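Containing compact mmCIF, C-alpha atoms (C1' of nucleotides) and all ligand atoms: protein_21.txt.
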```txt
# COMPACT_ATOMS: atom_id res chain seq x y z
CA MET H 1 -39.24 -18.87 16.23
CA ALA H 2 -35.70 -17.84 16.65
CA GLY H 3 -33.46 -18.96 13.81
CA GLU H 4 -33.95 -22.64 13.21
CA LYS H 5 -31.91 -22.05 10.12
CA ALA H 6 -28.17 -21.73 10.46
CA HIS H 7 -27.98 -25.49 10.88
CA HIS H 8 -27.68 -26.71 7.34
CA GLU H 9 -25.65 -23.66 6.33
CA ARG H 10 -22.18 -25.03 6.87
CA CYS H 11 -19.17 -23.98 4.91
CA GLU H 12 -17.95 -27.52 4.98
CA GLY H 13 -16.02 -29.95 2.86
CA HIS H 14 -12.81 -28.05 2.53
CA GLY H 15 -13.84 -24.46 2.77
CA HIS H 16 -11.64 -21.73 1.44
CA ALA H 17 -7.92 -21.98 0.94
CA HIS H 18 -7.38 -21.32 4.61
CA SER H 19 -10.27 -21.40 6.98
CA PRO H 20 -9.45 -19.81 10.30
CA HIS H 21 -13.12 -19.29 11.01
CA SER H 22 -14.09 -22.62 9.64
CA ASP H 23 -16.53 -23.47 12.33
CA VAL H 24 -19.48 -21.29 11.61
CA ALA H 25 -21.73 -23.41 13.74
CA ALA H 26 -19.61 -22.85 16.83
CA MET H 27 -19.78 -19.12 16.38
CA ILE H 28 -23.51 -19.26 15.97
CA GLU H 29 -23.63 -21.27 19.15
CA ARG H 30 -21.61 -18.70 21.01
CA ALA H 31 -23.95 -15.94 19.92
CA ARG H 32 -26.94 -18.03 20.84
CA ALA H 33 -25.54 -18.60 24.31
CA PHE H 34 -24.98 -14.88 24.78
CA ALA H 35 -28.55 -14.21 23.74
CA ALA H 36 -29.91 -16.85 26.07
CA ALA H 37 -27.88 -15.49 28.98
CA ARG H 38 -29.53 -12.15 28.49
CA LYS H 39 -32.93 -13.59 27.75
CA LEU H 40 -32.83 -12.00 24.34
CA PRO H 41 -33.92 -13.79 21.20
CA PHE H 42 -31.28 -15.01 18.79
CA THR H 43 -33.21 -14.13 15.69
CA GLU H 44 -32.85 -15.26 12.13
CA MET H 45 -31.49 -11.91 11.00
CA ARG H 46 -28.72 -12.09 13.60
CA ALA H 47 -27.86 -15.59 12.53
CA ARG H 48 -27.80 -14.65 8.87
CA VAL H 49 -25.46 -11.70 9.41
CA LEU H 50 -23.11 -13.71 11.59
CA THR H 51 -23.11 -16.55 9.09
CA VAL H 52 -22.13 -14.26 6.26
CA LEU H 53 -19.26 -12.80 8.27
CA ALA H 54 -18.10 -16.14 9.61
CA ARG H 55 -17.78 -17.58 6.15
CA GLU H 56 -15.83 -14.67 4.82
CA GLN H 57 -12.30 -14.22 5.87
CA LYS H 58 -12.14 -10.57 5.14
CA PRO H 59 -14.04 -7.79 6.82
CA LEU H 60 -17.20 -6.71 5.05
CA THR H 61 -18.92 -3.36 5.11
CA ALA H 62 -22.48 -3.21 6.32
CA TYR H 63 -23.64 -2.62 2.78
CA GLU H 64 -21.72 -5.59 1.45
CA ILE H 65 -23.45 -7.73 4.03
CA THR H 66 -26.72 -6.16 3.02
CA ASP H 67 -26.13 -7.12 -0.60
CA ARG H 68 -25.27 -10.71 0.27
CA LEU H 69 -28.45 -11.03 2.29
CA SER H 70 -30.71 -9.36 -0.23
CA LEU H 71 -31.70 -12.60 -1.90
CA PRO H 72 -34.30 -13.82 -2.17
CA LYS H 73 -35.71 -10.70 -0.62
CA LYS H 74 -34.28 -7.21 -0.32
CA VAL H 75 -32.86 -6.40 3.10
CA GLN H 76 -32.32 -2.85 4.35
CA ALA H 77 -29.00 -1.64 5.71
CA VAL H 78 -30.59 -0.63 8.98
CA GLN H 79 -31.54 -4.22 9.67
CA VAL H 80 -27.93 -5.24 9.22
CA TYR H 81 -26.72 -2.47 11.51
CA ARG H 82 -29.12 -3.64 14.19
CA ALA H 83 -27.82 -7.18 13.95
CA LEU H 84 -24.24 -5.94 13.97
CA ASP H 85 -24.90 -3.99 17.16
CA PHE H 86 -26.12 -7.13 18.84
CA LEU H 87 -23.28 -9.27 17.56
CA GLN H 88 -20.67 -6.74 18.64
CA GLU H 89 -22.11 -6.70 22.14
CA ALA H 90 -22.06 -10.47 22.08
CA GLY H 91 -18.36 -10.30 21.22
CA CYS H 92 -18.83 -12.30 18.03
CA VAL H 93 -18.10 -9.46 15.66
CA HIS H 94 -15.65 -6.57 15.69
CA ARG H 95 -15.68 -3.32 13.81
CA LEU H 96 -12.53 -2.33 12.00
CA ALA H 97 -12.40 1.41 12.52
CA SER H 98 -9.78 2.05 9.87
CA LYS H 99 -11.96 0.50 7.18
CA ALA H 100 -15.46 1.00 8.56
CA SER H 101 -16.09 -2.70 8.20
CA TYR H 102 -16.95 -5.73 10.29
CA PHE H 103 -15.55 -9.19 10.81
CA ALA H 104 -16.35 -12.29 12.82
CA CYS H 105 -14.26 -13.21 15.83
CA ASP H 106 -13.81 -16.68 17.17
CA HIS H 107 -11.75 -15.82 20.22
CA GLU H 108 -12.88 -15.30 23.73
CA HIS H 109 -11.90 -11.87 24.94
CA HIS H 110 -11.28 -10.95 28.52
CA PRO H 111 -11.68 -7.56 30.18
CA GLY H 112 -8.49 -5.54 30.36
CA GLU H 113 -7.05 -7.41 27.42
CA ALA H 114 -5.64 -5.50 24.47
CA VAL H 115 -6.10 -7.12 21.10
CA VAL H 116 -4.18 -6.15 18.00
CA PHE H 117 -6.01 -6.34 14.70
CA MET H 118 -3.44 -6.97 11.99
CA VAL H 119 -4.91 -5.93 8.67
CA CYS H 120 -3.22 -6.96 5.44
CA SER H 121 -3.27 -4.06 3.04
CA HIS H 122 -2.87 -6.46 0.17
CA CYS H 123 -5.45 -9.19 0.69
CA GLY H 124 -7.57 -7.52 3.35
CA THR H 125 -7.55 -10.35 5.88
CA VAL H 126 -7.45 -9.61 9.59
CA GLN H 127 -5.65 -11.57 12.26
CA GLU H 128 -6.27 -10.93 15.94
CA ALA H 129 -3.58 -11.23 18.55
CA PRO H 130 -3.84 -10.27 22.21
CA SER H 131 -0.77 -8.52 23.57
CA ASP H 132 0.07 -8.04 27.20
CA LEU H 133 2.79 -5.62 26.29
CA VAL H 134 0.37 -3.41 24.43
CA ALA H 135 -2.08 -3.63 27.32
CA GLN H 136 0.65 -2.55 29.74
CA GLY H 137 1.70 0.24 27.45
CA LEU H 138 -1.83 1.54 27.18
CA HIS H 139 -2.30 1.32 30.90
CA GLY H 140 0.96 3.11 31.53
CA ALA H 141 0.22 5.92 29.12
CA ALA H 142 -3.22 6.37 30.63
CA GLU H 143 -1.94 6.38 34.18
CA HIS H 144 0.71 8.91 33.34
CA ALA H 145 -1.91 11.25 31.94
CA GLY H 146 -4.48 10.67 34.68
CA PHE H 147 -6.69 9.15 32.06
CA LYS H 148 -9.22 6.47 32.95
CA PRO H 149 -9.09 3.96 30.11
CA ALA H 150 -12.17 2.17 28.90
CA HIS H 151 -12.04 0.74 25.43
CA PRO H 152 -8.90 0.44 23.28
CA ILE H 153 -8.73 0.21 19.50
CA VAL H 154 -5.47 -1.19 18.16
CA GLU H 155 -5.14 -1.75 14.45
CA LEU H 156 -1.96 -2.51 12.57
CA GLU H 157 -1.86 -2.21 8.83
CA GLY H 158 0.79 -4.17 6.97
CA GLU H 159 1.39 -7.25 4.93
CA CYS H 160 0.43 -10.73 6.08
CA ALA H 161 2.81 -13.67 5.92
CA ARG H 162 0.87 -15.23 3.11
CA CYS H 163 1.01 -12.20 0.87
CA ALA H 164 4.66 -11.57 1.67
CA SER H 165 5.66 -15.02 0.48
CA ASN H 166 3.09 -15.29 -2.28
CA PRO H 167 3.75 -12.87 -5.12
CA LEU H 168 0.41 -12.30 -6.80
CA MET Q 1 4.22 15.82 28.02
CA ALA Q 2 2.45 18.39 26.04
CA GLY Q 3 3.39 21.97 26.65
CA GLU Q 4 1.15 23.50 29.24
CA LYS Q 5 2.20 26.99 28.39
CA ALA Q 6 -0.63 29.35 29.03
CA HIS Q 7 0.05 31.29 25.94
CA HIS Q 8 -2.17 33.85 24.38
CA GLU Q 9 -2.31 33.87 20.65
CA ARG Q 10 -3.96 36.49 18.65
CA CYS Q 11 -6.93 35.44 16.63
CA GLU Q 12 -7.58 36.75 13.24
CA GLY Q 13 -11.29 36.22 13.49
CA HIS Q 14 -13.31 35.69 16.60
CA GLY Q 15 -11.50 34.67 19.73
CA HIS Q 16 -12.04 31.42 21.53
CA ALA Q 17 -12.53 30.68 25.20
CA HIS Q 18 -9.80 28.21 26.01
CA SER Q 19 -6.23 28.30 24.83
CA PRO Q 20 -5.46 25.07 23.06
CA HIS Q 21 -2.22 23.52 21.95
CA SER Q 22 0.75 25.68 22.52
CA ASP Q 23 0.93 27.93 19.58
CA VAL Q 24 -0.99 28.15 16.36
CA ALA Q 25 1.75 30.13 14.69
CA ALA Q 26 4.33 27.47 15.47
CA MET Q 27 2.17 24.80 13.91
CA ILE Q 28 1.67 26.89 10.82
CA GLU Q 29 5.40 27.29 10.67
CA ARG Q 30 5.94 23.55 10.86
CA ALA Q 31 3.54 22.97 8.00
CA ARG Q 32 5.16 25.70 6.00
CA ALA Q 33 8.56 24.13 6.50
CA PHE Q 34 7.27 20.78 5.33
CA ALA Q 35 5.82 22.37 2.24
CA ALA Q 36 9.03 24.19 1.49
CA ALA Q 37 11.07 21.00 1.91
CA ARG Q 38 8.96 19.39 -0.77
CA LYS Q 39 8.79 22.45 -2.92
CA LEU Q 40 5.06 22.50 -2.54
CA PRO Q 41 3.08 25.65 -1.91
CA PHE Q 42 1.67 26.28 1.54
CA THR Q 43 -1.58 27.72 0.35
CA GLU Q 44 -4.16 29.81 2.10
CA MET Q 45 -6.65 26.97 2.27
CA ARG Q 46 -4.12 24.76 4.03
CA ALA Q 47 -3.35 27.50 6.49
CA ARG Q 48 -7.01 28.15 7.18
CA VAL Q 49 -7.78 24.50 7.87
CA LEU Q 50 -4.79 24.08 10.14
CA THR Q 51 -5.64 27.27 11.98
CA VAL Q 52 -9.16 26.09 12.69
CA LEU Q 53 -7.91 22.77 14.03
CA ALA Q 54 -5.08 24.28 16.01
CA ARG Q 55 -7.43 26.59 17.84
CA GLU Q 56 -9.86 23.90 18.73
CA GLN Q 57 -9.14 21.51 21.52
CA LYS Q 58 -11.33 18.77 20.19
CA PRO Q 59 -11.24 16.87 16.93
CA LEU Q 60 -13.52 18.24 14.25
CA THR Q 61 -15.13 16.46 11.36
CA ALA Q 62 -14.35 17.61 7.87
CA TYR Q 63 -17.80 19.10 7.60
CA GLU Q 64 -17.46 20.98 10.86
CA ILE Q 65 -14.27 22.50 9.51
CA THR Q 66 -16.11 23.28 6.30
CA ASP Q 67 -18.81 25.13 8.22
CA ARG Q 68 -16.29 27.18 10.18
CA LEU Q 69 -14.56 28.20 6.98
CA SER Q 70 -17.69 28.97 5.04
CA LEU Q 71 -17.68 32.63 5.95
CA PRO Q 72 -17.50 34.97 4.27
CA LYS Q 73 -17.70 32.62 1.34
CA LYS Q 74 -19.00 29.09 1.09
CA VAL Q 75 -16.31 26.43 1.04
CA GLN Q 76 -16.84 22.92 -0.30
CA ALA Q 77 -16.02 19.81 1.71
CA VAL Q 78 -13.71 18.53 -0.97
CA GLN Q 79 -11.47 21.54 -0.54
CA VAL Q 80 -11.16 20.74 3.14
CA TYR Q 81 -10.39 17.10 2.44
CA ARG Q 82 -7.64 18.15 0.09
CA ALA Q 83 -6.08 20.37 2.70
CA LEU Q 84 -6.43 17.64 5.32
CA ASP Q 85 -4.59 15.19 3.08
CA PHE Q 86 -1.71 17.60 2.83
CA LEU Q 87 -1.66 18.37 6.53
CA GLN Q 88 -1.75 14.71 7.46
CA GLU Q 89 1.22 14.01 5.24
CA ALA Q 90 2.95 16.96 6.83
CA GLY Q 91 2.34 15.35 10.22
CA CYS Q 92 0.46 18.37 11.50
CA VAL Q 93 -2.93 16.72 11.64
CA HIS Q 94 -4.12 13.26 12.60
CA ARG Q 95 -7.30 11.47 11.75
CA LEU Q 96 -9.18 9.85 14.61
CA ALA Q 97 -10.48 6.66 13.05
CA SER Q 98 -12.97 5.91 15.79
CA LYS Q 99 -14.72 9.23 15.26
CA ALA Q 100 -13.95 10.00 11.65
CA SER Q 101 -12.57 13.36 12.70
CA TYR Q 102 -9.35 15.34 12.60
CA PHE Q 103 -7.18 17.15 15.10
CA ALA Q 104 -3.98 19.17 15.10
CA CYS Q 105 -0.78 17.70 16.45
CA ASP Q 106 2.07 19.66 17.90
CA HIS Q 107 4.48 16.80 18.46
CA GLU Q 108 7.26 15.59 16.29
CA HIS Q 109 6.73 11.97 15.45
CA HIS Q 110 9.48 9.52 14.64
CA PRO Q 111 9.32 6.44 12.46
CA GLY Q 112 8.67 3.23 14.35
CA GLU Q 113 7.07 5.15 17.18
CA ALA Q 114 3.65 4.12 18.46
CA VAL Q 115 1.44 6.93 19.63
CA VAL Q 116 -1.64 6.46 21.78
CA PHE Q 117 -4.56 8.80 21.17
CA MET Q 118 -6.50 9.09 24.41
CA VAL Q 119 -9.98 10.28 23.63
CA CYS Q 120 -12.24 11.51 26.40
CA SER Q 121 -15.72 10.20 25.85
CA HIS Q 122 -17.10 12.99 27.97
CA CYS Q 123 -15.51 16.18 26.67
CA GLY Q 124 -14.07 14.85 23.41
CA THR Q 125 -10.52 16.10 23.86
CA VAL Q 126 -7.60 14.04 22.64
CA GLN Q 127 -4.20 13.66 24.26
CA GLU Q 128 -1.31 12.03 22.47
CA ALA Q 129 1.32 9.94 24.20
CA PRO Q 130 4.03 7.90 22.56
CA SER Q 131 4.59 4.51 24.16
CA ASP Q 132 7.62 2.31 23.71
CA LEU Q 133 5.83 -0.55 25.39
CA VAL Q 134 3.00 -0.39 22.89
CA ALA Q 135 5.48 -0.21 20.04
CA GLN Q 136 7.26 -3.28 21.34
CA GLY Q 137 3.98 -5.08 21.81
CA LEU Q 138 2.91 -4.34 18.26
CA HIS Q 139 6.25 -5.40 16.93
CA GLY Q 140 6.14 -8.61 18.91
CA ALA Q 141 2.64 -9.50 17.83
CA ALA Q 142 3.53 -8.85 14.21
CA GLU Q 143 6.70 -10.87 14.37
CA HIS Q 144 4.93 -13.77 15.96
CA ALA Q 145 2.41 -13.82 13.12
CA GLY Q 146 4.93 -13.26 10.34
CA PHE Q 147 3.22 -9.97 9.70
CA LYS Q 148 5.12 -7.02 8.26
CA PRO Q 149 3.86 -3.98 10.14
CA ALA Q 150 3.46 -0.62 8.46
CA HIS Q 151 1.15 1.84 10.09
CA PRO Q 152 -0.42 1.43 13.57
CA ILE Q 153 -3.61 3.03 14.85
CA VAL Q 154 -3.92 3.12 18.63
CA GLU Q 155 -6.89 4.87 20.16
CA LEU Q 156 -8.00 4.66 23.76
CA GLU Q 157 -11.42 5.82 24.75
CA GLY Q 158 -11.95 6.80 28.35
CA GLU Q 159 -12.27 9.73 30.69
CA CYS Q 160 -9.70 12.46 30.91
CA ALA Q 161 -8.29 13.72 34.20
CA ARG Q 162 -10.17 16.97 33.89
CA CYS Q 163 -13.55 15.37 33.45
CA ALA Q 164 -12.90 12.80 36.16
CA SER Q 165 -12.23 15.49 38.73
CA ASN Q 166 -14.75 17.96 37.41
CA PRO Q 167 -18.30 16.72 37.99
CA LEU Q 168 -20.65 17.98 35.34
C1' DA T 1 -57.01 -10.14 27.75
C1' DC T 2 -53.42 -6.65 28.96
C1' DG T 3 -49.25 -4.02 28.96
C1' DG T 4 -44.38 -3.85 28.22
C1' DT T 5 -40.14 -5.00 26.09
C1' DG T 6 -37.83 -5.95 22.07
C1' DG T 7 -37.56 -7.12 16.84
C1' DT T 8 -39.11 -6.23 12.00
C1' DG T 9 -39.86 -3.81 7.81
C1' DT T 10 -39.94 0.35 5.42
C1' DA T 11 -38.91 5.00 4.31
C1' DA T 12 -36.41 8.90 4.77
C1' DT T 13 -32.54 11.37 6.14
C1' DA T 14 -27.94 12.59 7.99
C1' DC T 15 -23.22 12.26 7.77
C1' DT T 16 -18.54 11.10 5.58
C1' DA T 17 -15.65 10.91 1.48
C1' DT T 18 -14.49 10.73 -3.45
C1' DT T 19 -14.58 11.57 -8.53
C1' DA T 20 -14.76 14.56 -12.52
C1' DC T 21 -13.77 18.53 -15.07
C1' DA T 22 -12.74 23.14 -16.52
C1' DC T 23 -9.81 26.68 -15.24
C1' DT T 24 -5.60 28.86 -13.09
C1' DT T 25 -0.79 29.55 -11.28
C1' DC T 26 3.77 28.65 -11.00
C1' DC T 27 8.05 26.85 -12.40
C1' DC T 28 11.14 24.69 -15.59
C1' DT T 29 13.19 24.33 -19.76
C1' DG T 30 13.99 24.88 -24.62
C1' DC L 1 9.65 34.41 -24.43
C1' DA L 2 6.74 30.30 -25.63
C1' DG L 3 5.41 25.86 -24.35
C1' DG L 4 4.49 22.23 -21.19
C1' DG L 5 3.68 20.07 -16.99
C1' DA L 6 2.95 19.64 -12.01
C1' DA L 7 -0.09 21.27 -8.49
C1' DG L 8 -4.16 23.92 -6.65
C1' DT L 9 -8.88 25.85 -6.99
C1' DG L 10 -13.85 26.02 -7.42
C1' DT L 11 -17.91 23.73 -8.51
C1' DA L 12 -21.02 19.98 -9.18
C1' DA L 13 -22.27 15.51 -8.73
C1' DT L 14 -22.01 11.16 -6.69
C1' DA L 15 -20.60 7.26 -3.75
C1' DG L 16 -20.41 5.16 0.63
C1' DT L 17 -21.52 4.80 5.77
C1' DA L 18 -24.84 5.21 9.58
C1' DT L 19 -28.98 6.83 12.02
C1' DT L 20 -33.84 8.28 13.04
C1' DA L 21 -38.78 7.63 12.87
C1' DC L 22 -42.81 5.05 12.88
C1' DA L 23 -46.25 1.51 12.39
C1' DC L 24 -46.75 -3.14 13.25
C1' DC L 25 -45.79 -7.76 15.31
C1' DA L 26 -44.22 -11.47 18.58
C1' DC L 27 -43.23 -12.90 22.99
C1' DC L 28 -43.56 -12.87 28.06
C1' DG L 29 -45.41 -12.27 32.61
C1' DT L 30 -49.45 -10.85 34.90
ZN ZN H 201 -11.94 -10.99 18.69
ZN ZN H 202 -2.40 -10.59 2.85
ZN ZN H 203 0.83 13.71 16.78
ZN ZN H 204 -12.77 14.97 29.30
```
Show how you would write the structure in this file as structure tokens.
Ligand SMILES: [Zn+2]
Ligand SMILES: [Zn+2]
Ligand SMILES: [Zn+2]
Ligand SMILES: [Zn+2]
Amino acid sequence: MAGEKAHHERCEGHGHAHSPHSDVAAMIERARAFAAARKLPFTEMRARVLTVLAREQKPLTAYEITDRLSLPKKVQAVQVYRALDFLQEAGCVHRLASKASYFACDHEHHPGEAVVFMVCSHCGTVQEAPSDLVAQGLHGAAEHAGFKPAHPIVELEGECARCASNPL
Amino acid sequence: MAGEKAHHERCEGHGHAHSPHSDVAAMIERARAFAAARKLPFTEMRARVLTVLAREQKPLTAYEITDRLSLPKKVQAVQVYRALDFLQEAGCVHRLASKASYFACDHEHHPGEAVVFMVCSHCGTVQEAPSDLVAQGLHGAAEHAGFKPAHPIVELEGECARCASNPL
DNA sequence: ACGGTGGTGTAATACTATTACACTTCCCTG
DNA sequence: CAGGGAAGTGTAATAGTATTACACCACCGT
């Protein structure tokens, strides 16, 4: 009884102005595969949360997601947090520490990789970019301090190309 | 490298086991200089908050600071947040986004610099290390995306040298 | 049928951060 | 020396983010 939904919920036609995450279905599929690999159910709640994030281009807070899902029936924040935990482990969603919010990811990430989250302070969008240089820098700093690195968080606030060229 | 001076500072309240960042008095002096440069008062509240953080080795949450300052008289969290805002602008305190907590800094930071916060997941201590490589990597990623970078956050969770060599 | 693992729904609570307002202090200037 | 304004304080209330607890249910392997 795991989410049969998610199929007819496509943000299709033309989508938003720019649709980097246009393929919601593919992201759902990725999450479903992760679940299957672990013999865990890919439930409707998980699909609904991922769908909301995949359609949006900006990060959403857990409570914003909760609001969007609260029709027709009220959903509790804790349910959203549970789904977010799963989706983060699945690598389909990231948390933006600087904003305490969450966004969908359509990249594959590899261990040891360092990914830069570029957050536009004007429009709120996030772009991800892996950087070998950053990864090396982190590794070097850690080595120099005798520090055993585990999980990096790299966020860069600034202004995206779109906002820079597009006066409001 | 951070100063490893085993320096004993006098404590105006109760003493503390380990001796943290170099010198509380020097940090106070730095904050005072910043205030003077801007013709702003370096008030008692600001000094008290900075003193608490400078003595501690680990980041503290605003409410933990509030608790420590609430003797002999109860202090409100908002007062601590106000002081933290000032101290962050003065460059004497950083916020750790991944933990929503604050710690004292005894480095001078320069514009364009990228600083890595290495956070031990075992003992909670934070070490700072500037990294040119990380700065270059951030700059490169931004340039490639047409992104105008402003303020980076780089946090690395892991295990510090001390904890790695010191079994619980 | 049974027991165990994992998800759901609900309520309550903990933790983090901000807004509002009345009052004060200090400094500048007229 | 009065007046005004920028900045800080103390207090209360509130907004926003995240977790714990528990009863119940669904699925799976035995
Ligand atoms: Zn990603
Ligand atoms: Zn933008
Ligand atoms: Zn610093
Ligand atoms: Zn440690």
Within 9 Å of (-36.2, -6.2, 22.0) in the file's own coordinates, which protein, DNA or RNA residues have an atom, counting only C-alpha atoms (C1' of nucleotides)? List them as number ranges by chain.
H: 40-41; T: 5-7
Do a neighbour search on segment 5-14 of chain L at 12 Å with all atoms listed in the file, toss out local chain neighbours closer than 3 positions, and write the hits as an MDAnalysis selection string.
(chainID Q and resid 39:46 73:80 82:83 86) or (chainID T and resid 17:29)
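Across the model, the gap from atom CA of Met118 of chain Q to atom CA of Val49 of chain Q is 22.6 Å.
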Please identify all protein, DNA and RNA residues within 10 Å of ligand ZN 203 (chain H), counting only C-alpha atoms (C1' of nucleotides) and all ligand atoms, and report them as an MDAnalysis selection string.
chainID Q and resid 88 91:95 103:110 115:117 127:130
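Fitted onto chain H by least squares over the complete set of C-alpha atoms, chain Q shows an RMSD of 5.8 Å.
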Nearby polymer residues, ligand ZN 204 (chain H), at most 12 Å, all atoms listed in the file, as a list in words:
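Written in the requested form, the residues are Ala145, Gly146, Phe147, Lys148 and Pro149 of chain H; Gln57, Lys58, Met118, Val119, Cys120, Ser121, His122, Cys123, Gly124, Thr125, Val126, Gln127, Glu157, Gly158, Glu159, Cys160, Ala161, Arg162, Cys163, Ala164, Ser165, Asn166, Pro167 and Leu168 of chain Q.
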Taking all atoms listed in the file into account and nothing else, which residues of chain Q lie no more than 9 Å away from chain T? Please answer as JSON, numbers by chain.
{"Q": [61, 62, 63, 77, 78, 81, 100]}
Sorted by chain and rising residue number, which residues of chain L lie within 12 Å of chain H, and what are their closest atom pairs and distances in Å to one decimal, counting all atoms listed in the file, as JSON lines?
```
{"residue": "L:DG16", "atom": "C1'", "partner": "H:Tyr63", "partner_atom": "CA", "distance": 8.7}
{"residue": "L:DT17", "atom": "C1'", "partner": "H:Ala100", "partner_atom": "CA", "distance": 7.7}
{"residue": "L:DA18", "atom": "C1'", "partner": "H:Tyr81", "partner_atom": "CA", "distance": 8.1}
{"residue": "L:DT19", "atom": "C1'", "partner": "H:Val78", "partner_atom": "CA", "distance": 8.2}
{"residue": "L:DT20", "atom": "C1'", "partner": "H:Val78", "partner_atom": "CA", "distance": 10.3}
{"residue": "L:DA26", "atom": "C1'", "partner": "H:Met1", "partner_atom": "CA", "distance": 9.2}
{"residue": "L:DC27", "atom": "C1'", "partner": "H:Pro41", "partner_atom": "CA", "distance": 9.5}
{"residue": "L:DC28", "atom": "C1'", "partner": "H:Lys39", "partner_atom": "CA", "distance": 10.7}
```
Which is closest to chain Q among H:Ile28, H:Gly137, H:Ala114, H:Asp67, if we use all atoms listed in the file?
H:Gly137
Distance in Å - atom CA of Ser131 of chain H versus atom CA of Ala150 of chain Q:
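Pair atom CA of Ser131 of chain H / atom CA of Ala150 of chain Q returns 17.6 Å.
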Interatomic distance between atom CA of Met27 of chain Q and atom CA of Glu56 of chain Q?
13.0 Å
From the options H:Arg48, H:Tyr102, H:Gly112, H:Leu96, which residue's atoms come nearest to chain Q, counting all atoms listed in the file?
H:Leu96
Let me make sure I understand: among H:Arg55, H:Lys99, H:Arg32, H:Arg38, which one has the smallest atom-to-atom distance to chain Q if we use all atoms listed in the file?
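Counting all atoms listed in the file, the residue closest to chain Q is H:Lys99.
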Go through Q:Ala54, Q:Pro72, Q:Ala97, Q:His144 and flag the residue nearest chain H, using only C-alpha atoms for the distances.
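Using only C-alpha atoms, the shortest distance to chain H belongs to Q:Ala97.
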Which one of Q:Glu29, Q:Glu113, Q:Asp132, Q:Asp23 sits closest to chain H if you count all atoms listed in the file?
Q:Asp132
